[in-house]
Amino acid sequence: MTARTAPAPGPAQALADALAAEYAAIWAYGVIGVHLAGAQRTAARAAEAAHRARRDTLVVQLSEAGGQLPADRAGYALPYPVTDRASALRLAVEVEERTAGHWRAALPHTTGADRNRALAALTDCALRATRWRRAAGMTPVTVAFPGRPG
């Protein structure tokens, strides 16, 4: 018997996976924002708005291309309880890192404008993760290869 491997995802699947990550990021920022105040709450709202805008663009793009859209879920499992500012900041870093990972994974499967959008999304997530790490007092503040598993 020959082992079968899953076919490599094409551009539509890579973008659908990124869309699923955007859905999860939006949901997580609802939890994160509750535990922040002042400028950090404002930053969380801006991050959620950025993920919503990216989600909306992907929904339109994939719909117009006749692609299959992943369904948004009513809720998502958090990796740990978020009960205070410190855990909210830690989750914000993780959300941006995970979302960056999905955009990084889309890069080899995309070309042209889709690749440029994926790179812009990866960069955006990496910058936001850096800001959240700084706010949380985490070191190092930056990572060498954003979106790459550590």
# chains A, B, ... in the order shown; residues from 1 in each chain; ligands from 1
$ residues_around --residues "region 99-108 of chain A" --least-positions-apart "6" --cutoff "7 Å" --atoms "only C-alpha atoms" --output "PyMOL selection string"
chain A and resi 14-15+17-18+21-22+115+118-119+121-122+125-126+146-148
$ write_last_selection --atoms "all heavy atoms" --output "mmCIF file, in the first residue's frame"
data_model
loop_
_atom_site.group_PDB
_atom_site.id
_atom_site.type_symbol
_atom_site.label_atom_id
_atom_site.label_comp_id
_atom_site.auth_asym_id
_atom_site.auth_seq_id
_atom_site.Cartn_x
_atom_site.Cartn_y
_atom_site.Cartn_z
ATOM 1 N N ALA A 14 -4.999 28.493 0.629
ATOM 2 C CA ALA A 14 -4.101 29.254 1.500
ATOM 3 C C ALA A 14 -4.797 30.516 2.010
ATOM 4 O O ALA A 14 -4.683 30.871 3.195
ATOM 5 C CB ALA A 14 -2.822 29.613 0.763
ATOM 6 N N LEU A 15 -5.536 31.181 1.130
ATOM 7 C CA LEU A 15 -6.260 32.387 1.547
ATOM 8 C C LEU A 15 -7.441 32.041 2.445
ATOM 9 O O LEU A 15 -7.758 32.788 3.374
ATOM 10 C CB LEU A 15 -6.702 33.187 0.319
ATOM 11 C CG LEU A 15 -5.553 33.776 -0.504
ATOM 12 C CD1 LEU A 15 -6.087 34.446 -1.765
ATOM 13 C CD2 LEU A 15 -4.719 34.747 0.313
ATOM 14 N N ASP A 17 -7.473 29.567 4.556
ATOM 15 C CA ASP A 17 -6.850 29.308 5.863
ATOM 16 C C ASP A 17 -6.531 30.621 6.574
ATOM 17 O O ASP A 17 -6.724 30.743 7.793
ATOM 18 C CB ASP A 17 -5.578 28.474 5.706
ATOM 19 C CG ASP A 17 -5.856 27.048 5.242
ATOM 20 O OD1 ASP A 17 -7.019 26.600 5.293
ATOM 21 O OD2 ASP A 17 -4.883 26.389 4.804
ATOM 22 N N ALA A 18 -6.047 31.602 5.822
ATOM 23 C CA ALA A 18 -5.764 32.917 6.408
ATOM 24 C C ALA A 18 -7.062 33.575 6.881
ATOM 25 O O ALA A 18 -7.089 34.213 7.935
ATOM 26 C CB ALA A 18 -5.049 33.809 5.403
ATOM 27 N N ALA A 21 -7.995 32.241 10.187
ATOM 28 C CA ALA A 21 -7.163 32.861 11.232
ATOM 29 C C ALA A 21 -7.660 34.259 11.560
ATOM 30 O O ALA A 21 -7.643 34.675 12.735
ATOM 31 C CB ALA A 21 -5.705 32.904 10.782
ATOM 32 N N GLU A 22 -8.107 34.995 10.556
ATOM 33 C CA GLU A 22 -8.650 36.338 10.797
ATOM 34 C C GLU A 22 -9.919 36.262 11.642
ATOM 35 O O GLU A 22 -10.128 37.069 12.540
ATOM 36 C CB GLU A 22 -8.900 37.072 9.479
ATOM 37 C CG GLU A 22 -7.646 37.397 8.693
ATOM 38 C CD GLU A 22 -6.727 38.402 9.368
ATOM 39 O OE1 GLU A 22 -7.111 39.048 10.369
ATOM 40 O OE2 GLU A 22 -5.594 38.552 8.886
ATOM 41 N N ARG A 115 -0.021 37.810 -3.359
ATOM 42 C CA ARG A 115 1.231 37.673 -2.597
ATOM 43 C C ARG A 115 1.563 38.981 -1.889
ATOM 44 O O ARG A 115 2.003 38.980 -0.730
ATOM 45 C CB ARG A 115 2.372 37.251 -3.516
ATOM 46 C CG ARG A 115 3.648 36.954 -2.753
ATOM 47 C CD ARG A 115 4.732 36.459 -3.700
ATOM 48 N NE ARG A 115 5.962 36.233 -3.007
ATOM 49 C CZ ARG A 115 6.334 35.098 -2.439
ATOM 50 N NH1 ARG A 115 5.544 34.055 -2.495
ATOM 51 N NH2 ARG A 115 7.486 34.988 -1.822
ATOM 52 N N ALA A 118 -0.642 39.186 1.104
ATOM 53 C CA ALA A 118 -0.199 38.247 2.148
ATOM 54 C C ALA A 118 1.027 38.791 2.875
ATOM 55 O O ALA A 118 1.119 38.714 4.108
ATOM 56 C CB ALA A 118 0.092 36.875 1.538
ATOM 57 N N LEU A 119 1.962 39.355 2.122
ATOM 58 C CA LEU A 119 3.164 39.931 2.738
ATOM 59 C C LEU A 119 2.811 41.136 3.602
ATOM 60 O O LEU A 119 3.347 41.293 4.712
ATOM 61 C CB LEU A 119 4.177 40.317 1.663
ATOM 62 C CG LEU A 119 5.503 40.860 2.178
ATOM 63 C CD1 LEU A 119 6.188 39.864 3.107
ATOM 64 C CD2 LEU A 119 6.408 41.207 1.004
ATOM 65 N N ALA A 121 -0.024 41.623 5.124
ATOM 66 C CA ALA A 121 -0.704 41.103 6.318
ATOM 67 C C ALA A 121 0.305 40.520 7.301
ATOM 68 O O ALA A 121 0.221 40.755 8.509
ATOM 69 C CB ALA A 121 -1.733 40.044 5.918
ATOM 70 N N LEU A 122 1.278 39.759 6.785
ATOM 71 C CA LEU A 122 2.336 39.198 7.633
ATOM 72 C C LEU A 122 3.090 40.312 8.346
ATOM 73 O O LEU A 122 3.315 40.252 9.561
ATOM 74 C CB LEU A 122 3.287 38.355 6.786
ATOM 75 C CG LEU A 122 4.581 37.893 7.457
ATOM 76 C CD1 LEU A 122 4.302 37.019 8.665
ATOM 77 C CD2 LEU A 122 5.450 37.155 6.448
ATOM 78 N N CYS A 125 0.874 41.968 11.079
ATOM 79 C CA CYS A 125 0.783 41.124 12.277
ATOM 80 C C CYS A 125 2.093 41.145 13.064
ATOM 81 O O CYS A 125 2.082 41.209 14.296
ATOM 82 C CB CYS A 125 0.425 39.693 11.890
ATOM 83 S SG CYS A 125 -1.241 39.471 11.253
ATOM 84 N N ALA A 126 3.215 41.101 12.356
ATOM 85 C CA ALA A 126 4.521 41.099 13.031
ATOM 86 C C ALA A 126 4.752 42.397 13.790
ATOM 87 O O ALA A 126 5.243 42.391 14.923
ATOM 88 C CB ALA A 126 5.628 40.876 12.008
ATOM 89 N N PRO A 146 9.116 36.407 11.574
ATOM 90 C CA PRO A 146 7.721 36.453 12.000
ATOM 91 C C PRO A 146 6.877 35.414 11.266
ATOM 92 O O PRO A 146 7.057 35.155 10.078
ATOM 93 C CB PRO A 146 7.279 37.865 11.599
ATOM 94 C CG PRO A 146 8.539 38.654 11.510
ATOM 95 C CD PRO A 146 9.585 37.688 11.059
ATOM 96 N N GLY A 147 5.994 34.801 12.013
ATOM 97 C CA GLY A 147 5.094 33.806 11.450
ATOM 98 C C GLY A 147 5.679 32.430 11.320
ATOM 99 O O GLY A 147 4.999 31.495 10.922
ATOM 100 N N ARG A 148 6.928 32.274 11.689
ATOM 101 C CA ARG A 148 7.596 30.972 11.596
ATOM 102 C C ARG A 148 7.534 30.301 12.961
ATOM 103 O O ARG A 148 7.831 30.929 13.980
ATOM 104 C CB ARG A 148 9.040 31.182 11.182
ATOM 105 C CG ARG A 148 9.802 29.923 10.934
ATOM 106 C CD ARG A 148 11.120 30.303 10.326
ATOM 107 N NE ARG A 148 12.065 29.209 10.408
ATOM 108 C CZ ARG A 148 13.327 29.332 10.083
ATOM 109 N NH1 ARG A 148 13.816 30.488 9.707
ATOM 110 N NH2 ARG A 148 14.127 28.304 10.157
#
$ residues_around --residues "region 134-141 of chain A" --least-positions-apart "6" --cutoff "12 Å" --atoms "only C-alpha atoms" --output "JSON, numbers by chain"
{"A": [36, 39, 40, 41, 43, 44, 84, 85, 86, 87, 88, 89, 90, 91, 92, 93, 94, 126, 127, 128]}
$ select_by_dssp --residues "region 16-146 of chain A" --states "alpha helix (DSSP H)" --output "count of residues only"
93
